[in-house]
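Reviewing the structure listed below.
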Amino acid sequence: MEKTAAALVVAAGRGARLADPENTQPKQYRHIAGRPVLSHTLDALARHPRISVVLTVIHPDDVALYEAAVEVSAPETSAKLQPFAYGGKTRQQSVLEGLKTLGETGCDFVLIHDAARPFVSPVVVDAILSSLDDGADGVLAAVPIADTLKKTVAPDTPLETIDRNGIWAAQTPQAFPLEKILTAHLKAAEEEKTEFTDDTSLAEWAGETVLLSEGDPQNFKITTARDLKRADRQARQYSMAIRTSSIRPLSELQDVRTGIGYDVHAFDKGDAVILAGASIPHTRKLKGHSDADVVLHAVTDATLGAIGEGDIGSHFPPSDPQWKGASSDIFQRDALCRVNKLGGRLAHVDVTIVCEEPKIGPYRSEIRESLARICDIPVSRVSVKATTSEKLGFTGRREGIAALASVTVRLPFDENEQHQDD
Ligand SMILES: Nc1ccn([C@@H]2O[C@H](COP(=O)(O)OP(=O)(O)OP(=O)(O)O)[C@@H](O)[C@H]2O)c(=O)n1
Ligand SMILES: C[C@](O)(CO)[C@H](O)COP(=O)(O)O
């Protein structure tokens with residue numbers, strides 16, 4: 001019989017190395033591609049078919065942040081998620097708390113994973129599980145070191161070059177038979193061995209043989225502010241693949257809904273306007289609290305309208321300083337997550353841009369492709385049209401740009417839904 005596997009996600013750290021005076025949230029709750037790092041990590045693990053249980057260990061101060069992250073995770077993640085456990089002062093203590101809780105689930109294997117590594121792939125998990133299936137006591141995802149290694153005791157003392165042959169950088173997941181690693185952790189706690197920064201070093205100390213498994217350079221840990229920026233870029237590129245692997249085919253989604261959206265922004269001094277994430281050169285820019293992307297704002301309102309979840313202002317109030325200068329694809333990706341959470345998909349977007357200037361024709365393809373990328377749908381399901389208002393009104397007077405959007409969403413048919421005429 002196939003052995004069962006649980007994922008233990010450690011998320012109780014404070015992220016001191018990512019000190020950001022403007023945002024003091026721990027790194028696992030900072031947003032990448034419009035949602036918390038932790039929600040990406042949980043989805044990445046939960047979508048693996050062999051992982052049937054996911055437990056997160058959190059800091060007592062982070063309950064609200066944790067709940068918000070779970071809220072925007074995929075529906076299948078919630079189905080596998082256990083009630084959270086509280087972590088400890090060190091990573092080692094947090095893992096032990098999680099293992100104790102998981103001990104009660106009776107799972108055969110546990111994959112211990114950093115919340116701060118949101119890009120763990122199914123390929124990495126497959127390889128680890130196959131090694132455990134073959135009887136390994138412990139398996140470590142790791143990548144070879146690409147750079148020449150140097151050692152020095154202080155910056156002004158002579159350098160020593162270290163032979164990098166056989167040297168690997170440890171990642172997570174680090175996976176074990178659950179009972180074995182729980183016993184090893186309890187033994188370390190009992191003997192007050194508290195210095196382990198990862199679980200395979202603890203397992204080695206306990207006398208277990210740990211095997212290497214090919215990790216993935218993309219599965220990096222967010223440690224510094226620079227890592228967070230890199231993760232944001234990477235998550236935006238990944239979002240299509242991640243969603244596609246966990247969503248239902250459009251043909252199965254029979255409940256078709258439509259939403260409309262409308263937005264206006266005035267011109268200001270500048271040299272480009274942002275339309276659906278594309279920067280269009282112009283003699284002026286659009287004025288707004290965020291990047292004033294009038295097209296994305298209309299599309300986001302239409303998406304929210306289709307699922308009856310308010311409007312852009314109710315989720316991202318202009319009074320909130322964190323959205324100042326924000327790139328508006330964040331808003332649309334958040335609306336898409338809400339559609340995904342209902343088990344649905346966005347099926348079509350139609351936009352009309354109303355302005356005398358800039359001329360949209362030369363940039364129509366660029367705007368359409370950018371909108372398709374942000375909405376995670378093929379370009380053939382996106383339409384971008386433009387018109388003038390015949391020199392009438394504020395658009396006619398070249399005071400700004402208006403955009404109208406219509407979005408079609410397909411949802412699973414809910415047979416239990418009550419209709420008034422039923
Ligand atoms: N007491 C702790 C410390 C760390 N972690 C988790 O362990 C993972 C890897 O640790 P690290 O990158 O060192 O995270 P932090 O301790 O948060 O970061 P820093 O060392 O910069 O404070 C993170 O997902 C972190 O949340 C934890 O659950 N409990
Ligand atoms: C577990 C880990 O992510 C493996 O690389 C790492 O050891 C966490 O601790 P660190 O202090 O950030 O190295």
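In the structure tokens, chains take letters A, B, ... by order of appearance, with residues numbered from 1 within each chain and ligands from 1 in the order shown.
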Give the residues close to ligand 2, within 10 Å, counting only C-alpha atoms and all ligand atoms; write them as a PyMOL selection string. chain A and resi 10+15+17+90-92+112-117+140-142+169-174+196-201+220-223
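Using only C-alpha atoms, the protein and nucleic acid residues lying no more than 9 Å from Ala46 in chain A, apart from those fewer than 2 places from it along its own chain, are Ala7, Thr41, Leu42, Asp43, Ala44, His48, Pro49, Arg50, Ile51, Ser52, Val53, Val54, Ala74, Glu76, Thr77, Ser78, Ala79, Lys80 and Leu81 of chain A.
Here atom 18 (O, counted along the ligand's line) of ligand 1 stands at a distance of 8.3 Å from CA of Pro26 in chain A.
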Mind listing the strand (DSSP E or B) residues of range 93-291 of chain A, per DSSP on the backbone, as a ChimeraX atom specification? /A:109-114,138-144,149-151,160-162,168-177,210-214,255-269,272-275,278-281,284-286
Would you mind listing what lies within 12 Å of range 390-393 of chain A as a PyMOL selection string, with only C-alpha atoms counted and same-chain residues fewer than 2 positions away left out? chain A and resi 354-357+387-388+395-402
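The residue that comes closest to ligand 1, out of A:Arg30, A:Arg364, A:His289, A:Arg47 and on the basis of only C-alpha atoms and all ligand atoms, is A:Arg30.
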Write out as a ChimeraX atom specification each polymer residue whose atoms come within 12 Å of Leu159 in chain A, counting only C-alpha atoms; drop sequence neighbours fewer than 6 positions from it. /A:149-153
Which is closer to ligand 1 than all the others in A:Thr194, A:Thr148, A:Thr258, A:Gln28, using only C-alpha atoms and all ligand atoms? A:Gln28
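Checking A:Arg230, A:His348, A:Arg338, A:Lys180 one by one against Val379 in chain A, counting only C-alpha atoms, you find the shortest gap at A:His348.
Using only C-alpha atoms and all ligand atoms, the nearest neighbour of ligand 1 within the list A:Thr224, A:Ser121, A:Thr300, A:Gln25 is A:Thr224.
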List the neighbours of Val273 in chain A out to 8 Å using only C-alpha atoms; skip same-chain residues closer than 5 positions along the sequence, and give me the result as a ChimeraX atom specification. /A:279-282,284-286,293
Contacts of Val339 in chain A at 12 Å (only C-alpha atoms; same-chain gap of 2+ positions) as JSON, numbers by chain: {"A": [72, 73, 74, 75, 243, 247, 257, 300, 302, 303, 304, 305, 306, 307, 308, 309, 332, 333, 334, 335, 336, 337, 341, 342, 343, 344, 345, 346, 347, 375, 407, 408, 409, 410, 411, 412]}
What's the 12 Å shell around Leu96 in chain A, counting only C-alpha atoms, without same-chain residues fewer than 5 positions away, as a PDB file with N, CA and C atoms, in the first residue's frame?
```
ATOM      1  N   LEU A   8       4.907  19.581   6.750  1.00  0.00           N
ATOM      2  CA  LEU A   8       4.983  20.466   7.916  1.00  0.00           C
ATOM      3  C   LEU A   8       5.657  21.764   7.468  1.00  0.00           C
ATOM      4  N   VAL A   9       4.901  22.853   7.511  1.00  0.00           N
ATOM      5  CA  VAL A   9       5.420  24.142   7.035  1.00  0.00           C
ATOM      6  C   VAL A   9       5.762  25.003   8.245  1.00  0.00           C
ATOM      7  N   VAL A  10       7.046  25.347   8.385  1.00  0.00           N
ATOM      8  CA  VAL A  10       7.445  26.158   9.540  1.00  0.00           C
ATOM      9  C   VAL A  10       7.378  27.640   9.174  1.00  0.00           C
ATOM     10  N   VAL A  57       3.054  25.730  11.273  1.00  0.00           N
ATOM     11  CA  VAL A  57       3.428  26.136  12.622  1.00  0.00           C
ATOM     12  C   VAL A  57       3.649  27.639  12.571  1.00  0.00           C
ATOM     13  N   ALA A  85      -0.494  24.945  14.487  1.00  0.00           N
ATOM     14  CA  ALA A  85       0.124  24.760  15.807  1.00  0.00           C
ATOM     15  C   ALA A  85       1.035  25.961  16.056  1.00  0.00           C
ATOM     16  N   TYR A  86       1.349  26.223  17.315  1.00  0.00           N
ATOM     17  CA  TYR A  86       2.271  27.318  17.619  1.00  0.00           C
ATOM     18  C   TYR A  86       3.708  26.806  17.618  1.00  0.00           C
ATOM     19  N   GLY A  87       4.608  27.649  17.082  1.00  0.00           N
ATOM     20  CA  GLY A  87       6.019  27.285  17.023  1.00  0.00           C
ATOM     21  C   GLY A  87       6.763  27.732  18.273  1.00  0.00           C
ATOM     22  N   GLY A  88       8.103  27.670  18.202  1.00  0.00           N
ATOM     23  CA  GLY A  88       8.933  28.054  19.338  1.00  0.00           C
ATOM     24  C   GLY A  88       9.889  29.166  18.966  1.00  0.00           C
ATOM     25  N   LYS A  89      10.876  29.373  19.825  1.00  0.00           N
ATOM     26  CA  LYS A  89      11.813  30.503  19.641  1.00  0.00           C
ATOM     27  C   LYS A  89      12.788  30.254  18.502  1.00  0.00           C
ATOM     28  N   THR A  90      13.126  28.979  18.251  1.00  0.00           N
ATOM     29  CA  THR A  90      14.048  28.661  17.154  1.00  0.00           C
ATOM     30  C   THR A  90      13.327  27.787  16.137  1.00  0.00           C
ATOM     31  N   ARG A  91      13.936  27.692  14.950  1.00  0.00           N
ATOM     32  CA  ARG A  91      13.346  26.824  13.921  1.00  0.00           C
ATOM     33  C   ARG A  91      13.243  25.398  14.444  1.00  0.00           C
ATOM     34  N   THR A 101       2.416  17.514  16.905  1.00  0.00           N
ATOM     35  CA  THR A 101       1.015  17.596  16.461  1.00  0.00           C
ATOM     36  C   THR A 101       0.752  16.573  15.357  1.00  0.00           C
ATOM     37  N   LEU A 102       1.706  16.477  14.418  1.00  0.00           N
ATOM     38  CA  LEU A 102       1.501  15.551  13.278  1.00  0.00           C
ATOM     39  C   LEU A 102       1.548  14.099  13.719  1.00  0.00           C
ATOM     40  N   GLY A 103       2.244  13.831  14.833  1.00  0.00           N
ATOM     41  CA  GLY A 103       2.352  12.467  15.342  1.00  0.00           C
ATOM     42  C   GLY A 103       0.980  11.826  15.482  1.00  0.00           C
ATOM     43  N   ILE A 112       9.370  18.334   5.828  1.00  0.00           N
ATOM     44  CA  ILE A 112       9.475  19.573   6.608  1.00  0.00           C
ATOM     45  C   ILE A 112       9.949  20.673   5.656  1.00  0.00           C
ATOM     46  N   LEU A 178       7.976   9.762   9.674  1.00  0.00           N
ATOM     47  CA  LEU A 178       7.527  10.685  10.733  1.00  0.00           C
ATOM     48  C   LEU A 178       8.004  10.254  12.129  1.00  0.00           C
ATOM     49  N   GLU A 179       7.841   8.974  12.429  1.00  0.00           N
ATOM     50  CA  GLU A 179       8.204   8.494  13.771  1.00  0.00           C
ATOM     51  C   GLU A 179       9.692   8.703  14.043  1.00  0.00           C
ATOM     52  N   ILE A 181      11.896  10.905  12.728  1.00  0.00           N
ATOM     53  CA  ILE A 181      12.383  12.281  12.942  1.00  0.00           C
ATOM     54  C   ILE A 181      11.794  12.861  14.228  1.00  0.00           C
ATOM     55  N   LEU A 182      10.589  12.417  14.598  1.00  0.00           N
ATOM     56  CA  LEU A 182      10.021  12.880  15.878  1.00  0.00           C
ATOM     57  C   LEU A 182      10.894  12.362  17.027  1.00  0.00           C
ATOM     58  N   THR A 183      11.291  11.097  16.957  1.00  0.00           N
ATOM     59  CA  THR A 183      12.147  10.526  17.999  1.00  0.00           C
ATOM     60  C   THR A 183      13.476  11.282  18.065  1.00  0.00           C
ATOM     61  N   ALA A 184      14.059  11.575  16.911  1.00  0.00           N
ATOM     62  CA  ALA A 184      15.351  12.275  16.873  1.00  0.00           C
ATOM     63  C   ALA A 184      15.219  13.670  17.484  1.00  0.00           C
ATOM     64  N   HIS A 185      14.143  14.394  17.131  1.00  0.00           N
ATOM     65  CA  HIS A 185      13.930  15.745  17.668  1.00  0.00           C
ATOM     66  C   HIS A 185      13.724  15.705  19.189  1.00  0.00           C
ATOM     67  N   LEU A 186      12.950  14.714  19.669  1.00  0.00           N
ATOM     68  CA  LEU A 186      12.711  14.616  21.117  1.00  0.00           C
ATOM     69  C   LEU A 186      14.014  14.351  21.849  1.00  0.00           C
ATOM     70  N   LYS A 187      14.863  13.508  21.235  1.00  0.00           N
ATOM     71  CA  LYS A 187      16.159  13.176  21.845  1.00  0.00           C
ATOM     72  C   LYS A 187      17.040  14.444  21.913  1.00  0.00           C
ATOM     73  N   ALA A 188      17.037  15.225  20.819  1.00  0.00           N
ATOM     74  CA  ALA A 188      17.848  16.452  20.802  1.00  0.00           C
ATOM     75  C   ALA A 188      17.361  17.416  21.891  1.00  0.00           C
ATOM     76  N   ALA A 189      16.032  17.537  22.029  1.00  0.00           N
ATOM     77  CA  ALA A 189      15.490  18.444  23.054  1.00  0.00           C
ATOM     78  C   ALA A 189      15.878  17.960  24.450  1.00  0.00           C
ATOM     79  N   GLU A 190      15.777  16.658  24.659  1.00  0.00           N
ATOM     80  CA  GLU A 190      16.095  16.087  25.969  1.00  0.00           C
ATOM     81  C   GLU A 190      17.566  16.319  26.324  1.00  0.00           C
ATOM     82  N   THR A 194      20.603  22.257  20.864  1.00  0.00           N
ATOM     83  CA  THR A 194      19.650  23.243  20.327  1.00  0.00           C
ATOM     84  C   THR A 194      20.194  24.003  19.110  1.00  0.00           C
ATOM     85  N   PHE A 196      20.806  23.125  15.919  1.00  0.00           N
ATOM     86  CA  PHE A 196      20.599  22.669  14.538  1.00  0.00           C
ATOM     87  C   PHE A 196      19.800  23.686  13.725  1.00  0.00           C
ATOM     88  N   ASP A 198      18.923  23.011  10.556  1.00  0.00           N
ATOM     89  CA  ASP A 198      18.005  22.260   9.693  1.00  0.00           C
ATOM     90  C   ASP A 198      17.802  20.863  10.275  1.00  0.00           C
ATOM     91  N   ASP A 199      16.885  20.114   9.683  1.00  0.00           N
ATOM     92  CA  ASP A 199      16.475  18.842  10.289  1.00  0.00           C
ATOM     93  C   ASP A 199      17.370  17.684   9.885  1.00  0.00           C
ATOM     94  N   LEU A 202      20.203  17.513  12.320  1.00  0.00           N
ATOM     95  CA  LEU A 202      19.743  16.891  13.565  1.00  0.00           C
ATOM     96  C   LEU A 202      19.635  15.365  13.380  1.00  0.00           C
TER      97      LEU A 202
END
```
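Distance-wise, CA of Gly215 in chain A and CA of Gly34 in chain A end up 26.0 Å apart.
With CA of Leu18 in chain A on one side and atom 13 (O, counted along the ligand's line) of ligand 1 on the other, the separation reads 10.1 Å.
Of the residues under consideration (A:Trp205, A:Leu228, A:Gly166, A:Ala6), A:Leu228 shows the shortest atom-to-atom contact distance to ligand 1 when counting only C-alpha atoms and all ligand atoms.
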